[in-house]
file upload-v3.cif (mmCIF, C-alpha atoms)
data_target
#
loop_
_atom_site.label_atom_id
_atom_site.label_comp_id
_atom_site.auth_asym_id
_atom_site.auth_seq_id
_atom_site.Cartn_x
_atom_site.Cartn_y
_atom_site.Cartn_z
CA MET C 224 0.00 0.00 0.00
CA ARG C 225 1.35 3.44 -0.99
CA ILE C 226 0.82 6.22 1.55
CA LEU C 227 1.47 9.97 1.46
CA ILE C 228 1.82 11.83 4.77
CA VAL C 229 1.29 15.59 4.55
CA GLU C 230 2.19 16.97 7.97
CA ASP C 231 4.16 20.07 8.91
CA GLU C 232 5.25 18.73 12.32
CA GLU C 233 8.36 17.06 10.94
CA PRO C 234 9.18 14.86 13.96
CA LEU C 235 5.60 13.51 13.96
CA ALA C 236 5.57 12.98 10.20
CA ASP C 237 8.92 11.17 10.26
CA ALA C 238 7.94 9.00 13.24
CA VAL C 239 4.67 7.97 11.60
CA ALA C 240 6.46 7.25 8.33
CA ARG C 241 8.99 4.99 10.08
CA GLY C 242 6.22 3.11 11.84
CA LEU C 243 4.19 2.61 8.67
CA ARG C 244 7.26 1.38 6.81
CA ARG C 245 7.73 -1.22 9.55
CA GLU C 246 4.16 -2.27 8.76
CA GLY C 247 5.23 -2.90 5.18
CA MET C 248 3.77 0.23 3.59
CA ALA C 249 5.54 2.41 1.03
CA VAL C 250 5.50 5.93 2.48
CA ASP C 251 6.28 9.37 1.08
CA VAL C 252 6.31 12.52 3.22
CA ALA C 253 5.55 16.17 2.51
CA TYR C 254 5.97 18.88 5.13
CA ASP C 255 3.67 21.49 3.58
CA GLY C 256 0.58 21.70 1.43
CA ASP C 257 2.38 22.73 -1.76
CA ALA C 258 4.77 19.75 -1.62
CA GLY C 259 1.85 17.47 -0.79
CA HIS C 260 -0.08 18.74 -3.79
CA GLU C 261 2.89 18.17 -6.08
CA LYS C 262 3.42 14.59 -4.89
CA ALA C 263 -0.29 13.73 -5.02
CA SER C 264 -0.44 15.08 -8.58
CA VAL C 265 2.24 12.75 -9.95
CA THR C 266 1.83 9.56 -7.87
CA ARG C 267 -1.24 7.41 -7.27
CA TYR C 268 -1.54 6.89 -3.53
CA ASP C 269 -3.90 4.51 -1.81
CA VAL C 270 -4.31 6.85 1.15
CA VAL C 271 -3.20 10.40 1.95
CA VAL C 272 -2.78 11.22 5.65
CA LEU C 273 -3.49 14.94 5.63
CA ASP C 274 -3.10 17.52 8.38
CA ARG C 275 -5.69 20.31 8.16
CA ASP C 276 -3.36 23.06 9.39
CA LEU C 277 -0.59 23.29 6.81
CA PRO C 278 1.73 26.01 5.54
CA GLY C 279 1.41 26.65 1.82
CA MET C 280 -1.74 25.14 0.33
CA PRO C 281 -4.23 24.65 3.20
CA GLY C 282 -5.17 21.10 4.08
CA ASP C 283 -8.84 21.75 3.30
CA GLU C 284 -8.00 22.92 -0.21
CA LEU C 285 -5.66 19.99 -0.81
CA CYS C 286 -8.38 17.61 0.34
CA ARG C 287 -10.78 19.08 -2.20
CA GLU C 288 -8.13 18.75 -4.93
CA ILE C 289 -7.49 15.09 -4.15
CA THR C 290 -11.11 14.01 -3.79
CA GLY C 291 -12.59 16.22 -6.49
CA ASP C 292 -10.92 14.69 -9.54
CA GLY C 293 -12.55 11.25 -9.36
CA SER C 294 -9.44 9.66 -7.90
CA VAL C 295 -9.73 6.44 -5.90
CA THR C 296 -7.23 7.84 -3.40
CA ARG C 297 -8.66 7.96 0.12
CA VAL C 298 -8.00 10.80 2.56
CA LEU C 299 -7.54 10.45 6.30
CA MET C 300 -7.59 13.92 7.82
CA LEU C 301 -5.66 14.81 10.97
CA THR C 302 -6.38 17.71 13.28
CA ALA C 303 -5.57 18.93 16.75
CA SER C 304 -9.30 19.38 17.37
CA GLY C 305 -11.54 16.40 17.99
CA SER C 306 -14.83 18.29 18.23
CA VAL C 307 -17.88 16.96 16.43
CA SER C 308 -18.21 20.13 14.34
CA ASP C 309 -14.58 19.86 13.24
CA ARG C 310 -15.02 16.22 12.23
CA VAL C 311 -18.20 17.03 10.32
CA SER C 312 -16.56 19.91 8.44
CA GLY C 313 -13.57 17.74 7.56
CA LEU C 314 -15.73 14.94 6.22
CA SER C 315 -17.85 17.41 4.27
CA LEU C 316 -14.71 18.39 2.35
CA GLY C 317 -14.50 14.86 0.97
CA ALA C 318 -12.24 13.22 3.56
CA ASP C 319 -12.96 9.53 4.07
CA ASP C 320 -11.93 9.39 7.72
CA TYR C 321 -10.90 11.71 10.52
CA LEU C 322 -8.44 11.26 13.37
CA ALA C 323 -7.74 13.73 16.17
CA LYS C 324 -4.27 14.31 17.58
CA PRO C 325 -2.85 12.78 19.68
CA PHE C 326 -3.75 9.36 18.30
CA ALA C 327 -2.75 5.78 18.99
CA PHE C 328 -0.49 4.43 16.25
CA PRO C 329 -2.25 1.00 16.06
CA GLU C 330 -5.54 2.83 15.44
CA LEU C 331 -3.94 4.80 12.60
CA VAL C 332 -2.65 1.58 11.03
CA ALA C 333 -6.08 -0.09 11.31
CA ARG C 334 -7.81 2.90 9.73
CA LEU C 335 -5.27 3.06 6.88
CA ARG C 336 -5.72 -0.64 6.10
CA ALA C 337 -9.49 -0.20 6.06
CA LEU C 338 -9.23 2.79 3.75
CA GLY C 339 -6.76 0.93 1.55
CA ARG C 340 -9.33 -1.82 1.03
CA ARG C 341 -11.91 0.81 0.10
CA SER C 342 -9.59 2.24 -2.56
CA THR C 343 -9.86 -1.16 -4.31
CA PRO C 344 -13.40 -2.26 -3.40
CA SER C 345 -13.15 -5.71 -4.99
CA THR C 346 -10.18 -6.69 -2.84
CA PRO C 347 -11.05 -9.15 -0.05
CA PRO C 348 -9.42 -8.81 3.39
CA VAL C 349 -7.47 -12.07 2.79
CA LEU C 350 -5.87 -12.74 -0.60
CA SER C 351 -5.19 -16.17 -2.08
CA ALA C 352 -4.16 -18.01 -5.22
CA ARG C 353 -4.18 -21.78 -5.25
CA ASP C 354 -2.56 -22.85 -1.96
CA VAL C 355 -0.94 -19.46 -1.21
CA VAL C 356 -2.78 -17.28 1.33
CA LEU C 357 -1.77 -13.72 2.24
CA ASP C 358 -3.31 -11.87 5.19
CA PRO C 359 -2.47 -8.13 4.91
CA ALA C 360 -3.66 -7.28 8.43
CA ARG C 361 -1.65 -10.01 10.15
CA ARG C 362 1.27 -9.66 7.72
CA THR C 363 1.37 -13.42 7.18
CA VAL C 364 1.82 -15.66 4.14
CA THR C 365 1.23 -19.39 4.06
CA ARG C 366 1.59 -22.01 1.37
CA ALA C 367 -0.30 -25.26 1.84
CA GLY C 368 -0.74 -24.22 5.46
CA ALA C 369 2.97 -23.68 6.14
CA GLY C 370 4.28 -20.23 7.01
CA VAL C 371 6.49 -18.39 4.50
CA GLU C 372 8.84 -15.71 5.85
CA LEU C 373 9.07 -12.74 3.49
CA THR C 374 10.78 -9.37 3.62
CA ARG C 375 8.60 -6.25 3.51
CA LYS C 376 9.24 -5.74 -0.18
CA GLU C 377 8.62 -9.39 -1.07
CA PHE C 378 5.37 -9.26 0.89
CA GLY C 379 4.39 -6.03 -0.88
CA VAL C 380 5.09 -7.46 -4.34
CA LEU C 381 3.05 -10.58 -3.62
CA GLU C 382 0.20 -8.49 -2.21
CA VAL C 383 0.06 -6.32 -5.35
CA LEU C 384 0.16 -9.36 -7.64
CA LEU C 385 -2.60 -11.15 -5.74
CA THR C 386 -4.72 -8.00 -5.61
CA ALA C 387 -4.49 -7.75 -9.41
CA GLY C 388 -6.62 -10.90 -9.67
CA GLY C 389 -4.68 -12.50 -12.51
CA ALA C 390 -3.98 -9.30 -14.44
CA VAL C 391 -0.44 -8.47 -15.53
CA VAL C 392 1.39 -5.95 -13.33
CA SER C 393 4.33 -4.15 -14.86
CA SER C 394 7.69 -3.69 -13.14
CA GLU C 395 7.02 0.06 -13.18
CA GLU C 396 3.74 -0.37 -11.34
CA LEU C 397 5.32 -2.70 -8.78
CA LEU C 398 8.04 -0.12 -8.19
CA GLU C 399 5.39 2.57 -7.69
CA ARG C 400 3.15 0.51 -5.42
CA VAL C 401 5.77 -1.15 -3.20
CA TRP C 402 8.77 1.19 -3.08
CA ASP C 403 8.80 4.86 -2.09
CA GLU C 404 9.85 7.93 -4.07
CA TYR C 405 13.54 7.32 -3.41
CA ALA C 406 13.63 4.05 -5.35
CA ASP C 407 15.86 4.15 -8.46
CA PRO C 408 13.65 3.29 -11.46
CA PHE C 409 16.69 2.11 -13.42
CA THR C 410 17.78 -0.64 -11.02
CA THR C 411 16.94 -4.34 -11.19
CA THR C 412 15.42 -4.24 -7.71
CA VAL C 413 11.97 -5.45 -8.85
CA ARG C 414 13.40 -8.34 -10.86
CA VAL C 415 15.66 -9.43 -7.98
CA THR C 416 12.81 -9.19 -5.47
CA VAL C 417 10.55 -11.33 -7.68
CA MET C 418 13.33 -13.92 -8.03
CA THR C 419 13.80 -14.25 -4.28
CA LEU C 420 10.03 -14.29 -3.74
CA ARG C 421 9.68 -17.18 -6.17
CA LYS C 422 12.36 -19.15 -4.35
CA LYS C 423 10.69 -18.65 -0.98
CA LEU C 424 7.26 -19.64 -2.28
CA GLY C 425 8.70 -22.83 -3.75
CA GLU C 426 7.35 -25.17 -6.39
CA PRO C 427 5.18 -25.28 -8.35
CA GLY C 428 5.75 -21.63 -9.13
CA ILE C 429 2.75 -19.33 -9.07
CA ILE C 430 4.32 -16.11 -10.39
CA GLU C 431 4.45 -15.95 -14.17
CA THR C 432 6.62 -13.57 -16.18
CA VAL C 433 4.82 -12.09 -19.19
CA VAL C 434 7.71 -11.14 -21.44
CA GLY C 435 7.76 -7.45 -22.23
CA SER C 436 4.82 -6.71 -19.93
CA GLY C 437 5.44 -7.73 -16.33
CA TYR C 438 4.28 -10.37 -13.87
CA ARG C 439 1.06 -12.07 -12.87
CA VAL C 440 -0.35 -14.66 -10.51
CA PRO C 441 -3.16 -16.53 -12.29
CA ASP C 442 -6.21 -16.44 -10.04
CA THR C 443 -7.65 -19.78 -11.14
CA GLY C 444 -6.36 -23.09 -12.36
CA PRO C 445 -2.89 -24.59 -12.07
CA GLY C 446 -1.36 -21.94 -14.32
CA ALA C 447 1.59 -22.33 -16.57
CA ALA C 448 5.09 -22.76 -15.26
CA PRO C 449 6.83 -19.42 -14.68
CA VAL C 450 8.80 -18.09 -17.59
CA PRO C 451 12.43 -17.56 -16.53
CA ASP C 452 13.60 -13.96 -16.11
#
call {"tool": "encode", "arguments": {"input": "upload-v3.cif", "output": "C-alpha cells"}}
result
Amino acid sequence: MRILIVEDEEPLADAVARGLRREGMAVDVAYDGDAGHEKASVTRYDVVVLDRDLPGMPGDELCREITGDGSVTRVLMLTASGSVSDRVSGLSLGADDYLAKPFAFPELVARLRALGRRSTPSTPPVLSARDVVLDPARRTVTRAGAGVELTRKEFGVLEVLLTAGGAVVSSEELLERVWDEYADPFTTTVRVTVMTLRKKLGEPGIIETVVGSGYRVPDTGPGAAPVPD
C-alpha cells in the first residue's frame, strides 16, 4: 500500500512514516501543502494522511483537490481538534476518515488498512491463489498451510500481484506501489525481489513472467510454469 503523509510537524511525520514502513507500507512525506499537492499530482496513492493546518496550500483545499478529480485515493484527515463540528466539516470536504491528535499508532494503522481496502473495493481482506494465502492485516503468508517468511518488499510485491486478480502488473507499477519515491527506477530491484520471492514460495511456481509486460499470478487453475527472467 502506498501512503502519502502531509504533515508540517516534521518529527511527527517522520515518526509515523517509520512506523508505517515497519508495517510494510511504502510511504512518502511532505511537510507542507504545496509539496503534498505536487506529490499527489504525480503519484497514485492509496491513502493520503493529511493535516488540516498546513503552511502553503491549506489542508482543506488539498483535500478538495485530491477528492474532487474522481481519484480512488482515500484521505484520512488529521487535526488537533476532535470536536464533532470539526469532524463534520472535515468529512464534508471529501475526507474519508478523521483522526484527532494525539492518536494511537495501532488505530492509525487499522484505519489506513481499512481505507486501503476501500480504494480497491473488490479486494477481499485475505488474498489467495491456489494454496498461497496472504493476510495483509496479520502480515502473514502461508503455502499449503505452512508459514512463509518474506521481507517487507517481497510481501508487498506478492500483495500487489494477488490484488491484481490475474492481471499483468508491470515492473514500473510494482516499483510505484511497493517502493517509495527514493527508489531508483533504473535498477533491477523489482526483478531481484521477484526472483527471491519465487524461491521462498517454492514449487510449483505461481508467479508468471509475461515477457515485455510484467508479472502475474493466475487467479484460477494450475497456471503455466513461470517463464524464466
call {"tool": "residues_around", "arguments": {"input": "upload-v3.cif", "residues": "Arg241 (chain C)", "least_positions_apart": "5", "cutoff": "9 Å", "atoms": "all atoms listed in the file", "output": "ChimeraX atom specification"}}
result
/C:236,246,250
call {"tool": "closest_residue", "arguments": {"input": "upload-v3.cif", "among": "C:Met248, C:Val265, C:Val415, C:Val272", "to": "Leu227 (chain C)", "atoms": "only C-alpha atoms"}}
result
C:Val272
call {"tool": "atom_distance", "arguments": {"input": "upload-v3.cif", "atom1": "CA of Val295 (chain C)", "atom2": "CA of Met280 (chain C)"}}
result
21.3 Å
call {"tool": "resolve_selection", "arguments": {"input": "upload-v3.cif", "expression": "the PyMOL selection byres ((chain C and resi 260) around 10)", "output": "compact mmCIF listing (two decimals) with C-alpha atoms, keeping the file's coordinate frame"}}
result
# COMPACT_ATOMS: atom_id res chain seq x y z
CA VAL C 229 1.29 15.59 4.55
CA ALA C 253 5.55 16.17 2.51
CA ASP C 255 3.67 21.49 3.58
CA GLY C 256 0.58 21.70 1.43
CA ASP C 257 2.38 22.73 -1.76
CA ALA C 258 4.77 19.75 -1.62
CA GLY C 259 1.85 17.47 -0.79
CA GLU C 261 2.89 18.17 -6.08
CA LYS C 262 3.42 14.59 -4.89
CA ALA C 263 -0.29 13.73 -5.02
CA SER C 264 -0.44 15.08 -8.58
CA VAL C 265 2.24 12.75 -9.95
CA GLY C 279 1.41 26.65 1.82
CA MET C 280 -1.74 25.14 0.33
CA GLY C 282 -5.17 21.10 4.08
CA GLU C 284 -8.00 22.92 -0.21
CA LEU C 285 -5.66 19.99 -0.81
CA CYS C 286 -8.38 17.61 0.34
CA GLU C 288 -8.13 18.75 -4.93
CA ILE C 289 -7.49 15.09 -4.15
call {"tool": "closest_residue", "arguments": {"input": "upload-v3.cif", "among": "C:Tyr254, C:Arg439, C:Ala327, C:Tyr268", "to": "Glu233 (chain C)", "atoms": "only C-alpha atoms"}}
result
C:Tyr254
call {"tool": "closest_residue", "arguments": {"input": "upload-v3.cif", "among": "C:Glu372, C:Asp231, C:Asp442, C:Leu385", "to": "Lys422 (chain C)", "atoms": "all atoms listed in the file"}}
result
C:Glu372
call {"tool": "resolve_selection", "arguments": {"input": "upload-v3.cif", "expression": "the PyMOL selection byres ((chain C and resi 416) around 10)", "output": "VMD selection string"}}
result
chain C and resid 374 376 to 378 380 411 to 415 417 to 421
call {"tool": "write_last_selection", "arguments": {"input": "upload-v3.cif", "atoms": "C-alpha atoms", "output": "PDB file, in the coordinates of the input"}}
result
ATOM      1  CA  THR C 374      10.780  -9.370   3.620  1.00  0.00           C
ATOM      2  CA  LYS C 376       9.240  -5.740  -0.180  1.00  0.00           C
ATOM      3  CA  GLU C 377       8.620  -9.390  -1.070  1.00  0.00           C
ATOM      4  CA  PHE C 378       5.370  -9.260   0.890  1.00  0.00           C
ATOM      5  CA  VAL C 380       5.090  -7.460  -4.340  1.00  0.00           C
ATOM      6  CA  THR C 411      16.940  -4.340 -11.190  1.00  0.00           C
ATOM      7  CA  THR C 412      15.420  -4.240  -7.710  1.00  0.00           C
ATOM      8  CA  VAL C 413      11.970  -5.450  -8.850  1.00  0.00           C
ATOM      9  CA  ARG C 414      13.400  -8.340 -10.860  1.00  0.00           C
ATOM     10  CA  VAL C 415      15.660  -9.430  -7.980  1.00  0.00           C
ATOM     11  CA  VAL C 417      10.550 -11.330  -7.680  1.00  0.00           C
ATOM     12  CA  MET C 418      13.330 -13.920  -8.030  1.00  0.00           C
ATOM     13  CA  THR C 419      13.800 -14.250  -4.280  1.00  0.00           C
ATOM     14  CA  LEU C 420      10.030 -14.290  -3.740  1.00  0.00           C
ATOM     15  CA  ARG C 421       9.680 -17.180  -6.170  1.00  0.00           C
TER      16      ARG C 421
END
call {"tool": "atom_distance", "arguments": {"input": "upload-v3.cif", "atom1": "CA of Leu243 (chain C)", "atom2": "CA of Leu316 (chain C)"}}
result
25.4 Å
call {"tool": "residues_around", "arguments": {"input": "upload-v3.cif", "residues": "Asp269 (chain C)", "least_positions_apart": "6", "cutoff": "12 Å", "atoms": "only C-alpha atoms", "output": "ChimeraX atom specification"}}
result
/C:224-228,248-251,263,289,294-299,319,335-344,399-401
call {"tool": "resolve_selection", "arguments": {"input": "upload-v3.cif", "expression": "the PyMOL selection byres ((chain C and resi 424) around 10)", "output": "list in words"}}
result
Val355, Val364, Thr365, Arg366, Gly370, Val371, Glu372, Leu373, Thr419, Leu420, Arg421, Lys422, Lys423, Gly425, Glu426, Pro427, Gly428, Ile429 and Ile430 of chain C
call {"tool": "write_last_selection", "arguments": {"input": "upload-v3.cif", "atoms": "C-alpha atoms", "output": "short mmCIF file (atom, residue, chain, number, x, y, z; two decimals), in the frame of the given file"}}
result
data_model
loop_
_atom_site.label_atom_id
_atom_site.label_comp_id
_atom_site.auth_asym_id
_atom_site.auth_seq_id
_atom_site.Cartn_x
_atom_site.Cartn_y
_atom_site.Cartn_z
CA VAL C 355 -0.94 -19.46 -1.21
CA VAL C 364 1.82 -15.66 4.14
CA THR C 365 1.23 -19.39 4.06
CA ARG C 366 1.59 -22.01 1.37
CA GLY C 370 4.28 -20.23 7.01
CA VAL C 371 6.49 -18.39 4.50
CA GLU C 372 8.84 -15.71 5.85
CA LEU C 373 9.07 -12.74 3.49
CA THR C 419 13.80 -14.25 -4.28
CA LEU C 420 10.03 -14.29 -3.74
CA ARG C 421 9.68 -17.18 -6.17
CA LYS C 422 12.36 -19.15 -4.35
CA LYS C 423 10.69 -18.65 -0.98
CA GLY C 425 8.70 -22.83 -3.75
CA GLU C 426 7.35 -25.17 -6.39
CA PRO C 427 5.18 -25.28 -8.35
CA GLY C 428 5.75 -21.63 -9.13
CA ILE C 429 2.75 -19.33 -9.07
CA ILE C 430 4.32 -16.11 -10.39
#
call {"tool": "atom_distance", "arguments": {"input": "upload-v3.cif", "atom1": "CA of Glu330 (chain C)", "atom2": "CA of Asp403 (chain C)"}}
result
22.7 Å
call {"tool": "axis_aligned_box", "arguments": {"input": "upload-v3.cif", "around": "region 372-389 of chain C", "padding_each_side": "3 Å", "output": "AutoDock Vina command-line options"}}
result
--center_x 2.1 --center_y -10.7 --center_z -3.3 --size_x 23.4 --size_y 16.0 --size_z 24.4
call {"tool": "closest_residue", "arguments": {"input": "upload-v3.cif", "among": "C:Val440, C:Val391, C:Gly291, C:Trp402", "to": "Arg375 (chain C)", "atoms": "all atoms listed in the file"}}
result
C:Trp402
